[in-house]
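Data file: query.txt. Format and content: compact mmCIF, C-alpha atoms.
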```txt
# COMPACT_ATOMS: atom_id res chain seq x y z
CA MET W 311 72.97 124.54 112.98
CA LYS W 312 71.53 121.06 113.23
CA ILE W 313 72.29 118.61 110.42
CA SER W 314 70.26 115.40 110.39
CA MET W 315 71.48 112.45 108.35
CA LEU W 316 68.81 109.86 107.61
CA LEU W 317 70.18 106.34 107.48
CA PHE W 318 68.45 103.24 106.16
CA ASP W 319 69.48 99.63 105.75
CA GLY W 320 71.84 99.24 102.79
CA PHE W 321 73.11 102.82 102.65
CA THR W 322 76.42 103.63 100.96
CA ALA W 323 78.78 104.87 103.66
CA LEU W 324 80.74 107.47 101.69
CA ASP W 325 77.50 109.17 100.53
CA PHE W 326 77.05 110.19 104.15
CA VAL W 327 80.55 110.32 105.61
CA GLY W 328 81.91 112.55 102.84
CA GLY W 329 79.30 115.18 103.63
CA TYR W 330 79.58 114.66 107.38
CA GLU W 331 83.36 115.14 107.43
CA VAL W 332 83.04 118.45 105.59
CA LEU W 333 79.92 119.88 107.21
CA ARG W 334 81.28 119.18 110.70
CA GLY W 335 83.73 121.98 109.98
CA ILE W 336 80.99 124.62 109.94
CA PRO W 337 81.21 126.52 113.25
CA GLY W 338 78.37 125.43 115.50
CA ALA W 339 77.40 122.50 113.31
CA SER W 340 75.82 119.63 115.18
CA ILE W 341 75.37 116.46 113.15
CA GLU W 342 73.08 113.62 114.16
CA PHE W 343 72.48 110.21 112.58
CA ALA W 344 68.92 108.93 112.57
CA ALA W 345 67.09 105.84 111.42
CA HIS W 346 63.77 104.04 111.94
CA GLU W 347 64.88 103.27 115.42
CA ARG W 348 68.04 103.77 117.41
CA GLY W 349 70.74 101.19 116.86
CA LEU W 350 73.20 99.93 114.30
CA VAL W 351 72.44 100.40 110.63
CA ALA W 352 74.26 98.15 108.19
CA ALA W 353 75.81 99.60 105.04
CA ASP W 354 75.35 98.04 101.61
CA THR W 355 78.53 95.97 101.95
CA ARG W 356 77.34 94.35 105.21
CA MET W 357 80.88 95.08 106.40
CA LEU W 358 80.32 98.50 108.00
CA GLY W 359 77.82 99.58 110.62
CA LEU W 360 77.04 103.12 111.68
CA VAL W 361 75.07 103.85 114.81
CA ALA W 362 71.85 105.81 114.58
CA TYR W 363 71.31 107.47 117.94
CA ARG W 364 68.06 109.17 117.00
CA SER W 365 64.90 107.62 115.69
CA PHE W 366 63.07 109.48 112.92
CA ASP W 367 60.29 110.28 115.40
CA GLU W 368 62.69 111.94 117.80
CA ILE W 369 63.63 114.66 115.31
CA GLU W 370 61.10 117.42 115.56
CA SER W 371 62.81 119.65 113.03
CA THR W 372 66.24 120.23 111.57
CA ASP W 373 68.23 122.90 109.78
CA VAL W 374 69.85 120.63 107.22
CA LEU W 375 68.06 117.49 106.09
CA TYR W 376 70.68 115.21 104.52
CA VAL W 377 69.80 112.07 102.56
CA GLY W 378 72.47 109.90 100.98
CA GLY W 379 71.95 106.87 98.78
CA GLY W 380 72.90 103.27 98.26
CA PRO W 381 71.26 100.08 96.99
CA GLY W 382 69.04 100.22 100.09
CA VAL W 383 67.17 103.08 98.43
CA SER W 384 65.09 100.53 96.48
CA ALA W 385 63.48 99.34 99.70
CA ALA W 386 63.42 102.80 101.27
CA LEU W 387 61.39 104.09 98.30
CA LYS W 388 58.53 101.91 99.54
CA ASP W 389 59.05 102.81 103.18
CA GLU W 390 56.52 105.37 104.34
CA ALA W 391 58.47 105.99 107.56
CA VAL W 392 61.47 107.20 105.54
CA LEU W 393 59.41 109.18 103.02
CA GLY W 394 57.23 110.69 105.73
CA CYS W 395 60.27 111.75 107.75
CA ILE W 396 61.77 113.45 104.68
CA ARG W 397 58.49 115.22 103.95
CA ARG W 398 58.09 116.38 107.54
CA LEU W 399 61.66 117.64 108.04
CA ASP W 400 61.78 119.32 104.64
CA GLN W 401 58.90 121.57 105.64
CA ARG W 402 61.04 123.55 108.07
CA SER W 403 64.58 122.82 106.88
CA GLN W 404 66.88 125.63 105.78
CA TRP W 405 68.55 123.23 103.39
CA THR W 406 67.46 119.91 101.98
CA VAL W 407 70.36 117.87 100.68
CA GLY W 408 70.43 114.75 98.51
CA VAL W 409 73.46 112.78 97.39
CA CYS W 410 73.62 109.99 94.81
CA ASN W 411 70.33 108.11 94.58
CA GLY W 412 69.34 109.67 97.90
CA VAL W 413 68.02 112.29 95.46
CA GLU W 414 65.54 109.69 94.23
CA LEU W 415 64.30 109.33 97.80
CA LEU W 416 63.75 113.08 97.97
CA ALA W 417 61.88 112.93 94.67
CA ALA W 418 59.72 110.03 95.86
CA ALA W 419 58.89 111.93 99.03
CA GLY W 420 57.62 114.76 96.82
CA VAL W 421 59.93 117.48 98.06
CA LEU W 422 61.57 118.19 94.68
CA GLU W 423 58.55 119.49 92.82
CA GLY W 424 59.59 122.09 90.25
CA LYS W 425 63.27 121.72 91.18
CA THR W 426 66.33 120.99 89.05
CA VAL W 427 68.76 118.53 90.62
CA THR W 428 71.75 116.33 89.94
CA THR W 429 72.20 112.71 91.03
CA ASN W 430 74.35 109.62 90.46
CA TYR W 431 75.19 109.43 86.72
CA ALA W 432 73.38 106.09 86.46
CA LYS W 433 70.21 107.27 88.22
CA ARG W 434 69.24 110.31 86.18
CA GLU W 435 66.36 108.62 84.39
CA ASP W 436 65.08 107.19 87.67
CA VAL W 437 64.83 110.69 89.10
CA ARG W 438 63.30 112.15 85.93
CA LYS W 439 60.43 109.65 86.28
CA TYR W 440 59.21 111.78 89.17
CA GLY W 441 58.95 114.80 86.86
CA VAL W 442 62.08 116.37 88.32
CA ALA W 443 64.63 118.04 85.99
CA VAL W 444 68.11 116.51 86.21
CA GLU W 445 71.39 118.07 85.09
CA PRO W 446 74.62 116.05 84.82
CA LEU W 447 76.56 118.10 87.36
CA ARG W 448 78.82 117.40 90.34
CA TYR W 449 76.61 119.46 92.65
CA LEU W 450 73.74 121.85 92.18
CA ARG W 451 71.67 124.31 94.17
CA ASP W 452 68.08 125.16 93.39
CA GLY W 453 66.57 127.28 96.13
CA LYS W 454 67.10 125.42 99.38
CA VAL W 455 67.67 122.10 97.64
CA VAL W 456 71.31 121.09 97.19
CA THR W 457 72.06 117.86 95.37
CA GLY W 458 75.18 115.94 94.45
CA ALA W 459 76.29 113.28 92.00
CA GLY W 460 77.36 109.79 93.14
CA VAL W 461 79.04 108.70 96.39
CA SER W 462 82.26 110.76 96.58
CA ALA W 463 80.43 113.85 95.27
CA SER W 464 79.27 114.20 98.87
CA ILE W 465 82.61 115.89 99.58
CA ASP W 466 82.32 118.47 96.80
CA LEU W 467 78.68 119.03 97.71
CA GLY W 468 79.66 119.51 101.35
CA LEU W 469 82.26 122.13 100.44
CA PHE W 470 79.76 123.84 98.15
CA LEU W 471 77.12 123.94 100.90
CA ALA W 472 79.69 125.13 103.45
CA GLY W 473 80.44 127.95 101.02
CA LEU W 474 76.76 128.84 100.74
CA ILE W 475 76.40 128.87 104.51
CA GLY W 476 79.69 130.45 105.60
CA GLY W 477 81.37 131.81 102.49
CA GLU W 478 84.32 130.86 100.32
CA ASP W 479 86.97 131.24 103.02
CA LEU W 480 85.19 128.83 105.35
CA SER W 481 84.84 126.32 102.54
CA LYS W 482 88.54 126.59 101.73
CA MET W 483 89.54 126.19 105.37
CA ILE W 484 87.46 123.03 105.64
CA GLN W 485 89.01 121.85 102.37
CA LEU W 486 92.43 122.27 103.96
CA GLY W 487 91.25 120.51 107.13
CA VAL W 488 90.26 117.41 105.17
CA GLU W 489 93.20 117.97 102.78
CA TYR W 490 90.93 117.73 99.77
CA TYR W 491 93.31 118.30 96.88
CA PRO W 492 92.28 115.26 94.88
CA ALA W 493 94.68 113.38 92.62
CA PRO W 494 92.97 110.29 91.21
CA PRO W 495 95.85 108.06 90.10
CA PHE W 496 94.49 107.42 86.62
CA GLY W 497 93.00 110.82 85.85
CA SER W 498 89.50 112.19 86.09
CA THR W 499 87.53 112.19 82.86
CA GLY W 500 83.97 112.20 84.23
CA ALA W 501 81.40 109.43 84.45
CA ASP W 502 79.88 110.25 81.08
CA ASP W 503 83.21 109.67 79.36
CA ALA W 504 83.84 106.29 80.98
CA PRO W 505 83.99 103.49 78.40
CA GLU W 506 80.91 101.28 78.09
CA PRO W 507 82.65 98.13 79.43
CA PHE W 508 83.39 100.00 82.66
CA ARG W 509 79.80 101.22 82.90
CA ASN W 510 78.66 97.68 82.35
CA ALA W 511 80.97 96.37 85.06
CA VAL W 512 79.61 98.92 87.53
CA ARG W 513 76.04 97.94 86.64
CA GLN W 514 76.88 94.32 87.36
CA PHE W 515 78.57 95.32 90.61
CA GLU W 516 75.41 97.18 91.61
CA SER W 517 73.19 94.21 90.81
CA LEU W 518 75.43 92.12 93.01
CA SER W 519 75.11 94.76 95.74
CA HIS W 520 71.35 94.41 95.60
CA ALA W 521 71.58 90.62 95.83
CA LEU W 522 73.99 90.99 98.74
CA LEU W 523 71.46 93.01 100.73
CA GLU W 524 69.04 90.11 100.62
CA SER W 525 71.46 87.28 101.25
CA VAL W 526 74.25 88.42 103.57
CA LYS W 527 73.71 89.00 107.24
CA PRO W 528 75.97 91.67 108.80
CA PRO W 529 78.49 90.29 111.32
CA PHE W 530 77.24 92.76 113.94
CA MET J 1068 91.76 89.37 100.35
CA LYS J 1069 91.19 90.38 103.93
CA ILE J 1070 91.45 94.07 104.80
CA SER J 1071 91.56 94.95 108.48
CA MET J 1072 90.83 98.50 109.57
CA LEU J 1073 92.05 99.33 113.07
CA LEU J 1074 89.81 101.79 114.87
CA PHE J 1075 90.57 103.70 118.05
CA ASP J 1076 88.69 106.28 120.08
CA GLY J 1077 88.79 109.67 118.34
CA PHE J 1078 89.44 108.44 114.80
CA THR J 1079 88.59 110.62 111.81
CA ALA J 1080 85.82 108.87 109.91
CA LEU J 1081 86.77 109.81 106.34
CA ASP J 1082 90.34 108.53 106.86
CA PHE J 1083 88.79 105.07 107.04
CA VAL J 1084 85.57 105.29 105.04
CA GLY J 1085 87.27 106.78 101.97
CA GLY J 1086 89.59 103.79 101.74
CA TYR J 1087 86.86 101.33 102.68
CA GLU J 1088 84.48 102.55 99.97
CA VAL J 1089 87.15 102.12 97.30
CA LEU J 1090 88.82 98.91 98.47
CA ARG J 1091 85.45 97.17 98.82
CA GLY J 1092 85.37 97.24 95.01
CA ILE J 1093 88.28 94.82 94.71
CA PRO J 1094 86.83 91.43 93.75
CA GLY J 1095 86.90 89.13 96.77
CA ALA J 1096 87.76 91.92 99.20
CA SER J 1097 86.52 91.35 102.71
CA ILE J 1098 86.81 94.34 105.02
CA GLU J 1099 86.60 94.13 108.80
CA PHE J 1100 86.62 96.83 111.45
CA ALA J 1101 88.53 96.08 114.64
CA ALA J 1102 89.24 97.82 117.92
CA HIS J 1103 90.43 97.03 121.46
CA GLU J 1104 87.20 95.22 121.99
CA ARG J 1105 84.04 94.72 120.03
CA GLY J 1106 81.55 97.54 120.20
CA LEU J 1107 80.98 101.11 119.13
CA VAL J 1108 83.96 103.35 118.56
CA ALA J 1109 83.36 107.10 118.67
CA ALA J 1110 84.86 109.34 116.01
CA ASP J 1111 86.68 112.58 116.85
CA THR J 1112 83.50 114.65 116.51
CA ARG J 1113 81.64 112.53 119.09
CA MET J 1114 78.79 112.66 116.55
CA LEU J 1115 79.54 109.47 114.60
CA GLY J 1116 80.01 105.93 115.84
CA LEU J 1117 81.29 102.98 113.82
CA VAL J 1118 80.95 99.45 115.07
CA ALA J 1119 84.04 97.32 115.56
CA TYR J 1120 82.99 93.70 115.28
CA ARG J 1121 86.45 92.25 115.83
CA SER J 1122 88.76 92.80 118.75
CA PHE J 1123 92.45 93.20 117.95
CA ASP J 1124 93.11 89.81 119.54
CA GLU J 1125 90.66 88.08 117.23
CA ILE J 1126 92.66 88.94 114.10
CA GLU J 1127 95.31 86.33 113.64
CA SER J 1128 96.61 87.79 110.41
CA THR J 1129 95.44 89.96 107.55
CA ASP J 1130 96.30 90.75 103.95
CA VAL J 1131 95.89 94.51 104.18
CA LEU J 1132 96.55 96.27 107.46
CA TYR J 1133 94.85 99.67 107.27
CA VAL J 1134 95.41 102.42 109.83
CA GLY J 1135 93.74 105.81 109.50
CA GLY J 1136 94.24 108.82 111.73
CA GLY J 1137 92.50 111.46 113.78
CA PRO J 1138 93.11 113.41 116.99
CA GLY J 1139 92.75 110.11 118.84
CA VAL J 1140 96.18 109.15 117.52
CA SER J 1141 97.76 111.11 120.39
CA ALA J 1142 96.38 108.63 122.90
CA ALA J 1143 96.83 105.63 120.60
CA LEU J 1144 100.55 106.41 120.33
CA LYS J 1145 100.83 105.46 124.00
CA ASP J 1146 98.58 102.44 123.70
CA GLU J 1147 100.58 99.23 123.54
CA ALA J 1148 97.50 97.25 122.45
CA VAL J 1149 97.22 99.36 119.28
CA LEU J 1150 100.97 99.42 118.58
CA GLY J 1151 101.34 95.71 119.32
CA CYS J 1152 98.47 94.85 116.99
CA ILE J 1153 100.05 96.90 114.19
CA ARG J 1154 103.42 95.24 114.76
CA ARG J 1155 101.91 91.77 114.80
CA LEU J 1156 99.69 92.16 111.72
CA ASP J 1157 102.40 93.93 109.72
CA GLN J 1158 104.63 90.86 110.00
CA ARG J 1159 102.46 88.86 107.62
CA SER J 1160 100.52 91.54 105.74
CA GLN J 1161 100.78 91.85 101.98
CA TRP J 1162 100.19 95.57 102.28
CA THR J 1163 100.48 97.90 105.24
CA VAL J 1164 98.52 101.10 104.74
CA GLY J 1165 98.60 104.37 106.65
CA VAL J 1166 96.46 107.45 106.04
CA CYS J 1167 96.84 110.91 107.57
CA ASN J 1168 98.45 110.73 111.02
CA GLY J 1169 97.68 107.01 111.05
CA VAL J 1170 101.12 107.00 109.44
CA GLU J 1171 102.52 108.29 112.73
CA LEU J 1172 101.00 105.27 114.45
CA LEU J 1173 102.75 102.98 111.98
CA ALA J 1174 106.01 104.84 112.64
CA ALA J 1175 105.55 104.57 116.40
CA ALA J 1176 104.91 100.85 116.07
CA GLY J 1177 108.26 100.56 114.32
CA VAL J 1178 107.01 99.14 111.03
CA LEU J 1179 108.30 101.99 108.84
CA GLU J 1180 112.02 101.53 109.39
CA GLY J 1181 113.94 102.54 106.28
CA LYS J 1182 110.75 103.51 104.44
CA THR J 1183 109.73 106.70 102.69
CA VAL J 1184 106.14 107.75 103.33
CA THR J 1185 103.66 110.58 103.00
CA THR J 1186 101.24 111.82 105.68
CA ASN J 1187 98.92 114.70 106.58
CA TYR J 1188 100.58 117.97 105.51
CA ALA J 1189 100.65 119.17 109.12
CA LYS J 1190 102.16 115.95 110.52
CA ARG J 1191 105.29 115.55 108.42
CA GLU J 1192 107.68 116.62 111.19
CA ASP J 1193 105.94 114.36 113.68
CA VAL J 1194 106.60 111.37 111.44
CA ARG J 1195 110.19 112.42 110.69
CA LYS J 1196 110.91 112.30 114.44
CA TYR J 1197 110.77 108.52 114.13
CA GLY J 1198 113.59 108.60 111.57
CA VAL J 1199 111.21 107.95 108.70
CA ALA J 1200 111.61 109.88 105.40
CA VAL J 1201 108.52 111.88 104.44
CA GLU J 1202 107.63 113.24 101.00
CA PRO J 1203 104.80 115.78 100.49
CA LEU J 1204 102.73 113.57 98.18
CA ARG J 1205 99.09 112.56 97.87
CA TYR J 1206 99.96 108.85 98.14
CA LEU J 1207 103.15 106.85 98.00
CA ARG J 1208 104.26 103.25 97.79
CA ASP J 1209 107.51 101.96 99.26
CA GLY J 1210 107.66 98.18 99.10
CA LYS J 1211 104.53 96.90 100.79
CA VAL J 1212 103.92 100.15 102.63
CA VAL J 1213 101.34 102.47 101.02
CA THR J 1214 100.67 105.82 102.67
CA GLY J 1215 98.39 108.74 102.02
CA ALA J 1216 98.10 112.41 102.88
CA GLY J 1217 95.29 113.75 105.09
CA VAL J 1218 91.70 112.52 105.47
CA SER J 1219 90.23 112.61 101.94
CA ALA J 1220 93.51 111.28 100.48
CA SER J 1221 92.18 107.90 101.63
CA ILE J 1222 90.17 107.82 98.39
CA ASP J 1223 93.13 108.49 96.09
CA LEU J 1224 95.24 106.07 98.11
CA GLY J 1225 92.51 103.44 97.82
CA LEU J 1226 92.36 103.83 94.04
CA PHE J 1227 96.14 103.69 93.86
CA LEU J 1228 96.25 100.50 95.95
CA ALA J 1229 93.40 98.96 93.93
CA GLY J 1230 95.53 99.66 90.86
CA LEU J 1231 98.55 97.95 92.41
CA ILE J 1232 96.43 94.94 93.32
CA GLY J 1233 94.18 94.62 90.30
CA GLY J 1234 95.52 96.94 87.62
CA GLU J 1235 94.52 100.25 86.10
CA ASP J 1236 91.20 99.06 84.66
CA LEU J 1237 89.99 97.82 88.04
CA SER J 1238 90.97 101.10 89.65
CA LYS J 1239 89.11 103.05 86.96
CA MET J 1240 86.00 100.89 87.34
CA ILE J 1241 85.97 101.49 91.07
CA GLN J 1242 86.50 105.19 90.40
CA LEU J 1243 83.37 105.13 88.24
CA GLY J 1244 81.50 103.16 90.91
CA VAL J 1245 82.15 105.85 93.52
CA GLU J 1246 81.87 108.55 90.82
CA TYR J 1247 85.19 110.06 91.85
CA TYR J 1248 85.61 112.91 89.39
CA PRO J 1249 86.33 115.58 91.96
CA ALA J 1250 85.39 119.20 91.48
CA PRO J 1251 86.18 121.20 94.63
CA PRO J 1252 84.04 124.33 94.30
CA PHE J 1253 86.87 126.76 95.00
CA GLY J 1254 89.70 124.99 93.19
CA SER J 1255 92.47 122.72 94.38
CA THR J 1256 95.80 124.38 94.99
CA GLY J 1257 97.34 121.92 97.46
CA ALA J 1258 97.84 122.16 101.21
CA ASP J 1259 101.29 123.70 100.89
CA ASP J 1260 99.89 126.61 98.93
CA ALA J 1261 97.12 127.39 101.42
CA PRO J 1262 97.50 130.85 102.97
CA GLU J 1263 98.87 130.97 106.50
CA PRO J 1264 95.61 132.28 108.08
CA PHE J 1265 93.86 129.16 106.78
CA ARG J 1266 96.60 126.91 108.13
CA ASN J 1267 96.30 128.70 111.44
CA ALA J 1268 92.54 128.24 111.51
CA VAL J 1269 92.95 124.51 110.88
CA ARG J 1270 95.50 124.26 113.68
CA GLN J 1271 93.04 125.92 116.04
CA PHE J 1272 90.28 123.61 114.86
CA GLU J 1273 92.52 120.65 115.58
CA SER J 1274 93.33 121.90 119.07
CA LEU J 1275 89.62 122.19 119.67
CA SER J 1276 89.19 118.63 118.39
CA HIS J 1277 91.67 117.41 120.97
CA ALA J 1278 89.86 119.26 123.75
CA LEU J 1279 86.57 117.83 122.51
CA LEU J 1280 87.84 114.27 122.93
CA GLU J 1281 88.37 114.90 126.61
CA SER J 1282 85.24 116.82 127.36
CA VAL J 1283 82.37 115.60 125.19
CA LYS J 1284 80.67 112.28 125.79
CA PRO J 1285 79.24 110.65 122.65
CA PRO J 1286 75.42 110.42 122.60
CA PHE J 1287 75.63 106.66 121.99
```
Could you express the structure from this file as structure tokens?
Amino acid sequence: MKISMLLFDGFTALDFVGGYEVLRGIPGASIEFAAHERGLVAADTRMLGLVAYRSFDEIESTDVLYVGGGPGVSAALKDEAVLGCIRRLDQRSQWTVGVCNGVELLAAAGVLEGKTVTTNYAKREDVRKYGVAVEPLRYLRDGKVVTGAGVSASIDLGLFLAGLIGGEDLSKMIQLGVEYYPAPPFGSTGADDAPEPFRNAVRQFESLSHALLESVKPPF
Amino acid sequence: MKISMLLFDGFTALDFVGGYEVLRGIPGASIEFAAHERGLVAADTRMLGLVAYRSFDEIESTDVLYVGGGPGVSAALKDEAVLGCIRRLDQRSQWTVGVCNGVELLAAAGVLEGKTVTTNYAKREDVRKYGVAVEPLRYLRDGKVVTGAGVSASIDLGLFLAGLIGGEDLSKMIQLGVEYYPAPPFGSTGADDAPEPFRNAVRQFESLSHALLESVKPPF
């Protein structure tokens, strides 16, 4: 089973690596990282670089199309190479996966028509603008489309998809392998219950992340 | 606050990226990835490559020394460059962090003397062999040493450390930023409650991972 992760400048690393670390546990899974062209792709922080060793053009088809998010999505939304690659690979994929505002990229590419999805708690309206129904869930399947909430939801989504592909026991074995028995130190109320000052702080942090993309050159 | 993540061939990506994605949210945090020499470092799967843009020698000192794990730890345990770098940076670090069997690397470097730590559920005896006390916890602080359980525990550990550094509100804001409100699809019993066949399957998977390191060349 081939899993193709589409990277773009300014991606959020955990959106991808959470899913990668789980899906790698599926027997026979082969994961590849792709981008416009082969080479290093800088994450949103400009402090982490992942190597893409496939260009979009080199992927003829894939079993699992996987698109994460990040502040770089804003630029990718206008990037026909990214959107075209999503459109092309979705045609023959067994599963099309979106995490965080990577779901917005899927919507912009037009592959979510008639689907119900989830996405980052702060991006629901952005996705709805494409006429796609959004539910405030951690992960969600609608046909072959599997979507997840923000960033770390990539892990839960990965375990959910592993369950769909290989059953509950496989998912639980992978869960043990990555020792995913979460214990957030200050509890886990859900994004929608977070106090407004926190939501505001995260919005400001995300604005800064966008500014950072423009102004900071990666050290690699 | 400088955070230095020490990579080595055959690392497990989520051990590092989980902590990175959380700790990046600390105001003023600057994270760097280092290895023997600058260049790509291949993860245990041989399907993911992270760039190290510092060599160990280039880091004079750091505020947070961060060591994750992976099957590559077996070789790193015999690698004086890795152990020496840990020893050197620990001398002046504010925090020394170990995740998964990265904790074994810290123990082997001799920086855990008299400490109590946690580690990957399957590696507790390996760490105890160094005379270090191990508790079966998700994360644990002992003085300046902060340790975490396996792989995905890097996220909980990161939030815990962010709380120690910047307080509960900061930790909760970062938690919202990475939308960490986990919902494993098949529940969360804890590694010690996993049935023996699952534990066996993970052991086999890990043996395979070791064999993979020897036999598979990364495609980058």
Identify every residue of chain W that has at least one atom within 8 Å of any atom of chain J, counting all atoms listed in the file, and report the result as number ranges by chain. W: 323-324, 327-328, 331, 334, 340-343, 350, 355, 357-361, 363, 430-431, 448, 459-463, 466, 469-470, 478, 481-484, 486-496, 498-501, 504, 508-509, 511-512, 529-530
Using all atoms listed in the file, determine which residues lie at most 10 Å from W:Glu423, disregarding the query and same-chain residues fewer than 6 positions distant; provide the list as a PyMOL selection string. chain W and resi 416-417+440-443
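Closest approach to J:Lys1190 from the set J:Gly1233, J:Gly1077, J:Gly1177, J:Pro1138 is made by J:Pro1138, with distances taken over only C-alpha atoms.
If you look at atom CA of W:Leu317 and atom CA of W:Val374, they are 14.3 Å away from each other.
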Enclosing box along x, y and z for every listed atom of stretch 1075-1093 of chain J, padded 8 Å each side, centre and size in Å, one decimal, as lines of an AutoDock Vina configuration file:
```
center_x = 87.5
center_y = 102.7
center_z = 107.4
size_x = 22.1
size_y = 31.8
size_z = 41.4
```
Separating atom CA of J:Val1194 from atom CA of J:Leu1172, to the nearest tenth of an Å, is a gap of 8.8 Å
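Between atom CA of J:Ala1110 and atom CA of J:Lys1211 there is a distance of 27.8 Å.
For the choices J:Ser1160, J:Thr1183, J:Ser1071, J:Ser1282, the atom-to-atom distance to J:Ala1101 is smallest for J:Ser1071 when using only C-alpha atoms.
Residues with any atom within 8 Å of stretch 395-397 of chain W, counting only C-alpha atoms and excluding same-chain neighbours fewer than 4 positions away, are Phe366, Asp367, Leu375, Ala391, Gln401, Leu416, Ala419, Gly420 and Val421 of chain W.
Comparing the minimum interatomic distances between J:Asp1076 and each of J:Thr1129, J:Ser1122, J:Ser1141, J:Thr1214, counting all atoms listed in the file, we find that J:Ser1141 sits nearest.
Using all atoms listed in the file, the smallest distance between any of J:Leu1090, J:Val1283, J:Val1140, J:Val1134 and J:Met1068 comes from J:Leu1090.
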List every protein, DNA or RNA residue that has an atom no more than 9 Å from (52.9, 107.3, 99.8) in the file's coordinate frame, counting all atoms listed in the file, and report them as a PDB file with C-alpha atoms, in the coordinates of the input.
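Wrote it out as out-v6.pdb, contents follow:
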```pdb
ATOM      1  CA  LYS W 388      58.530 101.910  99.540  1.00  0.00           C
ATOM      2  CA  ASP W 389      59.050 102.810 103.180  1.00  0.00           C
ATOM      3  CA  GLU W 390      56.520 105.370 104.340  1.00  0.00           C
ATOM      4  CA  LEU W 393      59.410 109.180 103.020  1.00  0.00           C
ATOM      5  CA  GLY W 394      57.230 110.690 105.730  1.00  0.00           C
ATOM      6  CA  ALA W 418      59.720 110.030  95.860  1.00  0.00           C
ATOM      7  CA  ALA W 419      58.890 111.930  99.030  1.00  0.00           C
TER       8      ALA W 419
END
```
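Among the candidates J:Arg1155, J:Lys1182, J:Arg1195, J:His1103, the residue lying nearest to J:Val1212 is J:Lys1182 (atoms considered: only C-alpha atoms).
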How about completing stretch 412-423 of chain W with N, CA, C and O atoms and giving it to me as a PDB file, in the frame of the given file?
```
ATOM      1  N   GLY W 412      70.122 109.045  96.842  1.00  0.00           N
ATOM      2  CA  GLY W 412      69.340 109.670  97.900  1.00  0.00           C
ATOM      3  C   GLY W 412      68.435 110.744  97.307  1.00  0.00           C
ATOM      4  O   GLY W 412      67.368 111.058  97.866  1.00  0.00           O
ATOM      5  N   VAL W 413      68.844 111.285  96.163  1.00  0.00           N
ATOM      6  CA  VAL W 413      68.020 112.290  95.460  1.00  0.00           C
ATOM      7  C   VAL W 413      66.702 111.654  94.999  1.00  0.00           C
ATOM      8  O   VAL W 413      65.654 112.309  95.015  1.00  0.00           O
ATOM      9  N   GLU W 414      66.777 110.384  94.627  1.00  0.00           N
ATOM     10  CA  GLU W 414      65.540 109.690  94.230  1.00  0.00           C
ATOM     11  C   GLU W 414      64.579 109.578  95.413  1.00  0.00           C
ATOM     12  O   GLU W 414      63.354 109.704  95.250  1.00  0.00           O
ATOM     13  N   LEU W 415      65.149 109.376  96.591  1.00  0.00           N
ATOM     14  CA  LEU W 415      64.300 109.330  97.800  1.00  0.00           C
ATOM     15  C   LEU W 415      63.605 110.677  98.026  1.00  0.00           C
ATOM     16  O   LEU W 415      62.419 110.721  98.365  1.00  0.00           O
ATOM     17  N   LEU W 416      64.363 111.752  97.838  1.00  0.00           N
ATOM     18  CA  LEU W 416      63.750 113.080  97.970  1.00  0.00           C
ATOM     19  C   LEU W 416      62.635 113.255  96.950  1.00  0.00           C
ATOM     20  O   LEU W 416      61.558 113.782  97.269  1.00  0.00           O
ATOM     21  N   ALA W 417      62.896 112.803  95.719  1.00  0.00           N
ATOM     22  CA  ALA W 417      61.880 112.930  94.670  1.00  0.00           C
ATOM     23  C   ALA W 417      60.637 112.118  95.033  1.00  0.00           C
ATOM     24  O   ALA W 417      59.497 112.607  94.912  1.00  0.00           O
ATOM     25  N   ALA W 418      60.849 110.902  95.505  1.00  0.00           N
ATOM     26  CA  ALA W 418      59.720 110.030  95.860  1.00  0.00           C
ATOM     27  C   ALA W 418      58.912 110.604  97.010  1.00  0.00           C
ATOM     28  O   ALA W 418      57.696 110.403  97.094  1.00  0.00           O
ATOM     29  N   ALA W 419      59.596 111.316  97.902  1.00  0.00           N
ATOM     30  CA  ALA W 419      58.890 111.930  99.030  1.00  0.00           C
ATOM     31  C   ALA W 419      58.104 113.163  98.578  1.00  0.00           C
ATOM     32  O   ALA W 419      57.285 113.681  99.334  1.00  0.00           O
ATOM     33  N   GLY W 420      58.384 113.632  97.365  1.00  0.00           N
ATOM     34  CA  GLY W 420      57.620 114.760  96.820  1.00  0.00           C
ATOM     35  C   GLY W 420      58.163 116.122  97.171  1.00  0.00           C
ATOM     36  O   GLY W 420      57.473 117.127  97.006  1.00  0.00           O
ATOM     37  N   VAL W 421      59.407 116.177  97.634  1.00  0.00           N
ATOM     38  CA  VAL W 421      59.930 117.480  98.060  1.00  0.00           C
ATOM     39  C   VAL W 421      60.760 118.160  96.966  1.00  0.00           C
ATOM     40  O   VAL W 421      61.371 119.194  97.214  1.00  0.00           O
ATOM     41  N   LEU W 422      60.784 117.590  95.769  1.00  0.00           N
ATOM     42  CA  LEU W 422      61.570 118.190  94.680  1.00  0.00           C
ATOM     43  C   LEU W 422      60.705 118.787  93.578  1.00  0.00           C
ATOM     44  O   LEU W 422      61.200 119.086  92.490  1.00  0.00           O
ATOM     45  N   GLU W 423      59.450 118.975  93.869  1.00  0.00           N
ATOM     46  CA  GLU W 423      58.550 119.490  92.820  1.00  0.00           C
ATOM     47  C   GLU W 423      59.035 120.811  92.254  1.00  0.00           C
ATOM     48  O   GLU W 423      59.282 121.765  93.000  1.00  0.00           O
TER      49      GLU W 423
END
```
